[in-house]
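Pasting run.cif here (mmCIF, C-alpha atoms and all ligand atoms):
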data_final
loop_
_atom_site.group_PDB
_atom_site.id
_atom_site.type_symbol
_atom_site.label_atom_id
_atom_site.label_comp_id
_atom_site.auth_asym_id
_atom_site.auth_seq_id
_atom_site.Cartn_x
_atom_site.Cartn_y
_atom_site.Cartn_z
ATOM 1 C CA MET A 1 -3.032 9.374 -13.199
ATOM 2 C CA LYS A 2 -2.863 11.572 -10.111
ATOM 3 C CA PHE A 3 -2.836 9.523 -6.952
ATOM 4 C CA ALA A 4 -2.738 9.832 -3.187
ATOM 5 C CA ILE A 5 -0.652 7.467 -1.063
ATOM 6 C CA LEU A 6 -2.196 6.262 2.185
ATOM 7 C CA GLY A 7 0.074 4.715 4.791
ATOM 8 C CA SER A 8 0.307 4.110 8.509
ATOM 9 C CA GLY A 9 3.956 3.552 9.360
ATOM 10 C CA THR A 10 7.505 3.615 8.087
ATOM 11 C CA GLY A 11 6.540 4.425 4.543
ATOM 12 C CA SER A 12 9.382 2.601 2.818
ATOM 13 C CA ASN A 13 7.005 1.769 -0.028
ATOM 14 C CA ALA A 14 5.830 5.373 -0.249
ATOM 15 C CA GLU A 15 9.506 6.323 -0.454
ATOM 16 C CA ALA A 16 10.068 3.812 -3.272
ATOM 17 C CA ILE A 17 7.166 5.366 -5.192
ATOM 18 C CA LEU A 18 8.428 8.915 -4.632
ATOM 19 C CA LYS A 19 11.946 7.899 -5.714
ATOM 20 C CA ALA A 20 10.563 6.308 -8.878
ATOM 21 C CA TYR A 21 8.616 9.492 -9.628
ATOM 22 C CA ARG A 22 11.729 11.612 -9.120
ATOM 23 C CA ALA A 23 13.704 9.252 -11.358
ATOM 24 C CA GLY A 24 11.071 9.581 -14.085
ATOM 25 C CA THR A 25 10.139 5.887 -14.032
ATOM 26 C CA LEU A 26 6.513 6.171 -12.934
ATOM 27 C CA GLY A 27 5.041 6.511 -16.419
ATOM 28 C CA LYS A 28 2.171 9.001 -16.510
ATOM 29 C CA ALA A 29 1.508 8.679 -12.776
ATOM 30 C CA GLU A 30 2.006 11.522 -10.330
ATOM 31 C CA PRO A 31 1.833 11.313 -6.526
ATOM 32 C CA VAL A 32 -0.045 14.428 -5.382
ATOM 33 C CA ALA A 33 -0.546 13.791 -1.668
ATOM 34 C CA ILE A 34 0.199 11.482 1.234
ATOM 35 C CA PHE A 35 -2.322 10.842 3.976
ATOM 36 C CA CYS A 36 -1.544 9.027 7.188
ATOM 37 C CA ASP A 37 -3.754 7.837 10.052
ATOM 38 C CA ILE A 38 -0.997 7.781 12.706
ATOM 39 C CA PRO A 39 0.283 11.104 14.047
ATOM 40 C CA GLY A 40 4.030 11.516 13.592
ATOM 41 C CA ALA A 41 4.502 8.322 11.519
ATOM 42 C CA LYS A 42 7.715 8.255 9.490
ATOM 43 C CA ILE A 43 5.819 8.172 6.205
ATOM 44 C CA LEU A 44 4.993 11.853 6.748
ATOM 45 C CA SER A 45 8.695 12.766 6.603
ATOM 46 C CA HIS A 46 9.051 11.237 3.135
ATOM 47 C CA GLY A 47 6.500 13.749 1.867
ATOM 48 C CA GLU A 48 8.703 16.560 3.124
ATOM 49 C CA THR A 49 11.825 15.060 1.550
ATOM 50 C CA TYR A 50 10.182 14.653 -1.837
ATOM 51 C CA GLY A 51 8.015 17.783 -1.815
ATOM 52 C CA VAL A 52 4.661 16.014 -1.717
ATOM 53 C CA PRO A 53 2.151 17.344 0.834
ATOM 54 C CA ALA A 54 1.822 14.806 3.674
ATOM 55 C CA THR A 55 -0.935 15.098 6.212
ATOM 56 C CA PHE A 56 -2.121 13.255 9.281
ATOM 57 C CA LEU A 57 -5.906 12.891 9.109
ATOM 58 C CA ASP A 58 -7.887 11.693 12.102
ATOM 59 C CA PRO A 59 -9.425 8.289 11.202
ATOM 60 C CA GLY A 60 -11.835 8.242 14.163
ATOM 61 C CA PRO A 61 -11.837 6.134 17.325
ATOM 62 C CA PHE A 62 -11.475 2.607 15.852
ATOM 63 C CA LYS A 63 -8.243 0.654 15.381
ATOM 64 C CA THR A 64 -8.729 -1.153 12.098
ATOM 65 C CA LYS A 65 -11.505 0.778 10.355
ATOM 66 C CA PHE A 66 -12.664 4.388 9.952
ATOM 67 C CA SER A 67 -15.707 5.942 11.491
ATOM 68 C CA PRO A 68 -18.064 6.641 8.549
ATOM 69 C CA GLU A 69 -17.760 10.430 8.986
ATOM 70 C CA ARG A 70 -13.973 10.296 9.062
ATOM 71 C CA GLU A 71 -13.835 8.002 6.036
ATOM 72 C CA ALA A 72 -15.971 10.536 4.162
ATOM 73 C CA ALA A 73 -13.546 13.253 5.301
ATOM 74 C CA TYR A 74 -10.650 11.209 3.876
ATOM 75 C CA ALA A 75 -12.491 10.870 0.555
ATOM 76 C CA GLU A 76 -13.069 14.613 0.437
ATOM 77 C CA ALA A 77 -9.474 15.479 1.334
ATOM 78 C CA ILE A 78 -8.105 13.064 -1.271
ATOM 79 C CA LYS A 79 -10.330 14.553 -3.977
ATOM 80 C CA ALA A 80 -9.456 18.086 -2.861
ATOM 81 C CA ALA A 81 -5.774 17.169 -3.281
ATOM 82 C CA GLY A 82 -6.526 16.458 -6.940
ATOM 83 C CA ALA A 83 -6.113 12.679 -6.754
ATOM 84 C CA ASP A 84 -8.298 10.321 -8.761
ATOM 85 C CA TRP A 85 -6.514 7.159 -7.637
ATOM 86 C CA ILE A 86 -5.507 5.859 -4.196
ATOM 87 C CA VAL A 87 -2.472 3.677 -3.490
ATOM 88 C CA LEU A 88 -2.514 1.913 -0.132
ATOM 89 C CA ALA A 89 1.117 1.456 0.880
ATOM 90 C CA GLY A 90 1.165 -0.027 4.353
ATOM 91 C CA PHE A 91 -2.230 1.394 5.301
ATOM 92 C CA MET A 92 -3.519 -0.728 8.172
ATOM 93 C CA ARG A 93 -7.232 0.038 8.021
ATOM 94 C CA VAL A 94 -10.115 -1.620 6.164
ATOM 95 C CA LEU A 95 -11.904 0.557 3.597
ATOM 96 C CA LYS A 96 -15.675 0.724 3.335
ATOM 97 C CA ALA A 97 -18.330 2.483 1.248
ATOM 98 C CA PRO A 98 -17.273 6.123 1.694
ATOM 99 C CA LEU A 99 -13.885 5.550 0.030
ATOM 100 C CA LEU A 100 -14.806 2.560 -2.160
ATOM 101 C CA GLU A 101 -17.736 4.469 -3.679
ATOM 102 C CA ALA A 102 -15.777 7.689 -4.096
ATOM 103 C CA PHE A 103 -12.958 5.883 -5.984
ATOM 104 C CA PRO A 104 -14.602 2.887 -7.711
ATOM 105 C CA ASP A 105 -11.955 0.479 -9.094
ATOM 106 C CA ARG A 106 -9.334 3.142 -8.499
ATOM 107 C CA ILE A 107 -7.827 1.945 -5.236
ATOM 108 C CA ILE A 108 -4.919 -0.497 -5.149
ATOM 109 C CA ASN A 109 -3.276 -2.170 -2.172
ATOM 110 C CA LEU A 110 0.064 -3.791 -1.474
ATOM 111 C CA HIS A 111 0.033 -6.940 0.658
ATOM 112 C CA PRO A 112 3.129 -8.809 1.904
ATOM 113 C CA SER A 113 2.148 -12.356 0.909
ATOM 114 C CA LEU A 114 1.032 -14.290 -2.149
ATOM 115 C CA LEU A 115 -2.725 -13.787 -1.834
ATOM 116 C CA PRO A 116 -5.062 -15.537 -1.350
ATOM 117 C CA SER A 117 -2.653 -17.067 1.197
ATOM 118 C CA PHE A 118 -2.081 -15.200 4.432
ATOM 119 C CA PRO A 119 -4.449 -12.208 4.163
ATOM 120 C CA GLY A 120 -4.924 -9.778 7.026
ATOM 121 C CA LEU A 121 -2.370 -8.727 9.580
ATOM 122 C CA ASP A 122 1.290 -9.800 9.534
ATOM 123 C CA GLY A 123 1.287 -11.611 6.201
ATOM 124 C CA ILE A 124 5.052 -12.099 6.429
ATOM 125 C CA GLY A 125 4.965 -13.609 9.923
ATOM 126 C CA GLN A 126 2.002 -15.822 9.033
ATOM 127 C CA ALA A 127 3.892 -17.268 6.045
ATOM 128 C CA TRP A 128 7.096 -17.722 8.039
ATOM 129 C CA ARG A 129 5.330 -19.546 10.862
ATOM 130 C CA TYR A 130 3.488 -21.780 8.402
ATOM 131 C CA GLY A 131 6.854 -22.833 7.006
ATOM 132 C CA VAL A 132 6.291 -21.967 3.350
ATOM 133 C CA ALA A 133 9.072 -22.498 0.815
ATOM 134 C CA VAL A 134 7.942 -19.447 -1.182
ATOM 135 C CA SER A 135 6.004 -16.338 -0.333
ATOM 136 C CA GLY A 136 6.144 -12.832 -1.755
ATOM 137 C CA CYS A 137 3.895 -9.850 -2.260
ATOM 138 C CA THR A 138 0.739 -8.926 -4.109
ATOM 139 C CA VAL A 139 -0.704 -5.743 -5.587
ATOM 140 C CA HIS A 140 -4.468 -5.921 -5.994
ATOM 141 C CA TYR A 141 -7.551 -3.805 -6.466
ATOM 142 C CA VAL A 142 -9.408 -3.019 -3.275
ATOM 143 C CA ASN A 143 -12.996 -4.076 -2.749
ATOM 144 C CA SER A 144 -15.064 -4.724 0.352
ATOM 145 C CA ALA A 145 -13.439 -8.136 1.011
ATOM 146 C CA VAL A 146 -10.268 -7.801 3.079
ATOM 147 C CA ASP A 147 -7.302 -8.413 0.721
ATOM 148 C CA GLY A 148 -9.841 -9.988 -1.655
ATOM 149 C CA GLY A 149 -9.891 -7.752 -4.764
ATOM 150 C CA ALA A 150 -8.629 -8.718 -8.208
ATOM 151 C CA ILE A 151 -4.902 -9.391 -8.305
ATOM 152 C CA ILE A 152 -2.853 -7.129 -10.572
ATOM 153 C CA ASP A 153 0.624 -8.582 -10.010
ATOM 154 C CA GLN A 154 2.651 -10.710 -7.628
ATOM 155 C CA ALA A 155 6.348 -11.272 -6.936
ATOM 156 C CA VAL A 156 7.733 -14.497 -5.517
ATOM 157 C CA VAL A 157 10.350 -14.681 -2.771
ATOM 158 C CA ARG A 158 11.998 -17.981 -1.792
ATOM 159 C CA ARG A 159 12.605 -18.882 1.796
ATOM 160 C CA GLU A 160 16.120 -20.310 1.925
ATOM 161 C CA LYS A 161 17.424 -22.597 4.682
ATOM 162 C CA THR A 162 19.722 -19.789 5.785
ATOM 163 C CA ASP A 163 16.907 -17.227 6.104
ATOM 164 C CA THR A 164 15.844 -15.784 9.429
ATOM 165 C CA PRO A 165 12.479 -14.078 9.982
ATOM 166 C CA GLU A 166 14.327 -10.788 9.528
ATOM 167 C CA SER A 167 16.126 -11.689 6.286
ATOM 168 C CA PHE A 168 12.910 -13.202 4.895
ATOM 169 C CA ALA A 169 11.022 -9.988 5.698
ATOM 170 C CA GLN A 170 13.790 -7.908 4.129
ATOM 171 C CA LYS A 171 13.592 -9.860 0.882
ATOM 172 C CA ILE A 172 9.825 -9.404 0.752
ATOM 173 C CA HIS A 173 10.157 -5.680 1.383
ATOM 174 C CA ALA A 174 12.766 -5.410 -1.378
ATOM 175 C CA ALA A 175 10.323 -7.139 -3.763
ATOM 176 C CA GLU A 176 7.547 -4.748 -2.659
ATOM 177 C CA HIS A 177 9.701 -1.711 -3.392
ATOM 178 C CA LYS A 178 9.992 -2.872 -7.010
ATOM 179 C CA ILE A 179 6.526 -4.215 -7.723
ATOM 180 C CA LEU A 180 4.427 -1.335 -6.403
ATOM 181 C CA PRO A 181 6.036 1.479 -8.454
ATOM 182 C CA ASP A 182 6.041 -0.858 -11.443
ATOM 183 C CA VAL A 183 2.303 -1.585 -11.171
ATOM 184 C CA ILE A 184 1.552 2.132 -10.778
ATOM 185 C CA ARG A 185 3.618 2.849 -13.910
ATOM 186 C CA ARG A 186 1.828 0.150 -15.878
ATOM 187 C CA ILE A 187 -1.652 1.281 -14.774
ATOM 188 C CA SER A 188 -0.789 4.866 -15.742
ATOM 189 C CA LEU A 189 0.243 3.695 -19.216
ATOM 190 C CA GLY A 190 -2.824 1.493 -19.614
ATOM 191 C CA GLU A 191 -0.659 -1.640 -19.503
ATOM 192 C CA ALA A 192 -2.107 -3.243 -16.336
HETATM 193 C C1 LIG A 201 4.420 -3.500 3.805
HETATM 194 O O1 LIG A 201 5.093 -4.728 3.993
HETATM 195 C C2 LIG A 201 3.022 -3.760 3.276
HETATM 196 O O2 LIG A 201 2.938 -4.827 2.404
HETATM 197 C C3 LIG A 201 2.278 -4.027 4.550
HETATM 198 O O3 LIG A 201 2.793 -3.102 5.477
HETATM 199 C C4 LIG A 201 4.157 -2.849 5.176
HETATM 200 C C5 LIG A 201 4.365 -1.352 5.140
HETATM 201 O O4 LIG A 201 5.716 -1.019 5.050
HETATM 202 N N1 LIG A 201 0.867 -3.857 4.362
HETATM 203 C C6 LIG A 201 -0.043 -4.617 4.953
HETATM 204 O O5 LIG A 201 0.231 -5.517 5.729
HETATM 205 C C7 LIG A 201 -1.469 -4.276 4.602
HETATM 206 N N2 LIG A 201 -2.363 -5.264 5.113
HETATM 207 P P1 LIG A 201 6.147 0.485 4.749
HETATM 208 O O6 LIG A 201 5.376 1.388 5.722
HETATM 209 O O7 LIG A 201 7.614 0.515 5.024
HETATM 210 O O8 LIG A 201 5.809 0.780 3.321
#
As structure tokens, the full file:
Amino acid sequence: MKFAILGSGTGSNAEAILKAYRAGTLGKAEPVAIFCDIPGAKILSHGETYGVPATFLDPGPFKTKFSPEREAAYAEAIKAAGADWIVLAGFMRVLKAPLLEAFPDRIINLHPSLLPSFPGLDGIGQAWRYGVAVSGCTVHYVNSAVDGGAIIDQAVVRREKTDTPESFAQKIHAAEHKILPDVIRRISLGEA
């Protein structure tokens, strides 16, 4: 299972995946490339650290989606890198036909809430403001519905009385760093 990681920001989840690969705990999965839609984003530096090619690719002029030509260019670049799967790890753009059709049922996404609650932007903040007692994170297949594809796995995080928005977010991120490499490992071994 050769996969590309797509991300837009800090890349702490990309780093967790690369660490798991280095530690030999990613099953038969191998990260072969990182692509990022934000020039200079920190995720690119993790590629350097772990020896995985990391590239900024122009997504086109829109904020939350690709232009069709640029999405086709992403699909081509990902295939050229040798990837047959895509892992969205903090990638803040909606995918449409060019990528969905190039990688049918082979794109997974990490979302920082227990879907179907709190889809879209700022899943952690949405859950905090709602006042939930539990939230967490979800790994799911990507289809044309935003955060709407089949759920592969979820991890639950409790909101304690002593939590602040920051500590709550930290706990969710810690859960993400475990669940995403684990799902990748299980998919690669045919266990998910
Ligand atoms: C993660 O919390 C991820 O779940 C979220 O962005 C963060 C990226 O962190 N993704 C989404 O909200 C997607 N809709 P990272 O760049 O440190 O991995």
Neighbours of ligand LIG 201 (chain A) at 9 Å or closer, counting only C-alpha atoms and all ligand atoms: which residues, as a PyMOL selection string?
chain A and resi 7-16+42-43+88-94+109-113+119-124+137-139+146-147+169+172-173+176-177
Convert the output of the PyMOL selection byres (((chain A and resi 188) around 7) and not hetatm) on the shown file into explicit residues, formatted as a count of residues only.
10
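Taking CA of Ala127 (chain A) as the reference point, CA of Lys65 (chain A) is found at 24.1 Å.
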Legend entry - Matched chain/residue IDs from the PyMOL selection byres (((chain A and resi 143) around 12) and not hetatm), as a list in words: Val94, Leu95, Lys96, Ala97, Pro98, Leu99, Leu100, Glu101, Phe103, Pro104, Asp105, Arg106, Ile107, Ile108, Asn109, His140, Tyr141, Val142, Ser144, Ala145, Val146, Asp147, Gly148, Gly149, Ala150 and Ile151 of chain A
Can you work out which one of A:Pro31, A:Pro39, A:Pro68, A:Gly136 has the shortest atom-to-atom distance to Leu18 (chain A), counting all atoms listed in the file?
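Distance minimum relative to Leu18 (chain A) lands on A:Pro31.
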re CA of Pro116 (chain A) and CA of Ser135 (chain A): distance 11.1 Å
>> I'd like to know which of A:Ala41, A:Val87, A:Ala75, A:Ala133 is closest to Leu6 (chain A), using all atoms listed in the file.
In response: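 Between A:Ala41, A:Val87, A:Ala75, A:Ala133, the residue approaching Leu6 (chain A) most closely is A:Val87.
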- Task: Give the answer as one residue: which of A:Val52, A:Ala77, A:Ala155, A:Cys36 has the shortest atom-to-atom distance to Ile17 (chain A), using all atoms listed in the file?
- Result: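 The shortest atom-to-atom distance to Ile17 (chain A) comes from A:Val52.
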Would you write out, as a ChimeraX atom specification, every residue that the PyMOL selection byres (((chain A and resi 33) around 12) and not hetatm) captures in this file? /A:2-7,14,17-18,30-32,34-36,43-44,46-48,50-56,74,77-87
- [ ] Excluding Lys161 (chain A) and residues on its chain fewer than 6 positions from it, collect all residues at most 12 Å away from it, counting only C-alpha atoms, and give them as a PyMOL selection string.
- [x] chain A and resi 128+131-134+167-168
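Rounded to one decimal, CA of Ala20 (chain A) and CA of Pro181 (chain A) lie 6.6 Å from each other.
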Nearest to Glu166 (chain A), restricted to all atoms listed in the file and choosing among A:Thr25, A:Gly125, A:Phe118, A:Phe66, comes out as A:Gly125
Using all atoms listed in the file, the shortest atom-to-atom distance to Pro61 (chain A) among A:Ser45, A:Asp37, A:Val157, A:Lys171 belongs to A:Asp37
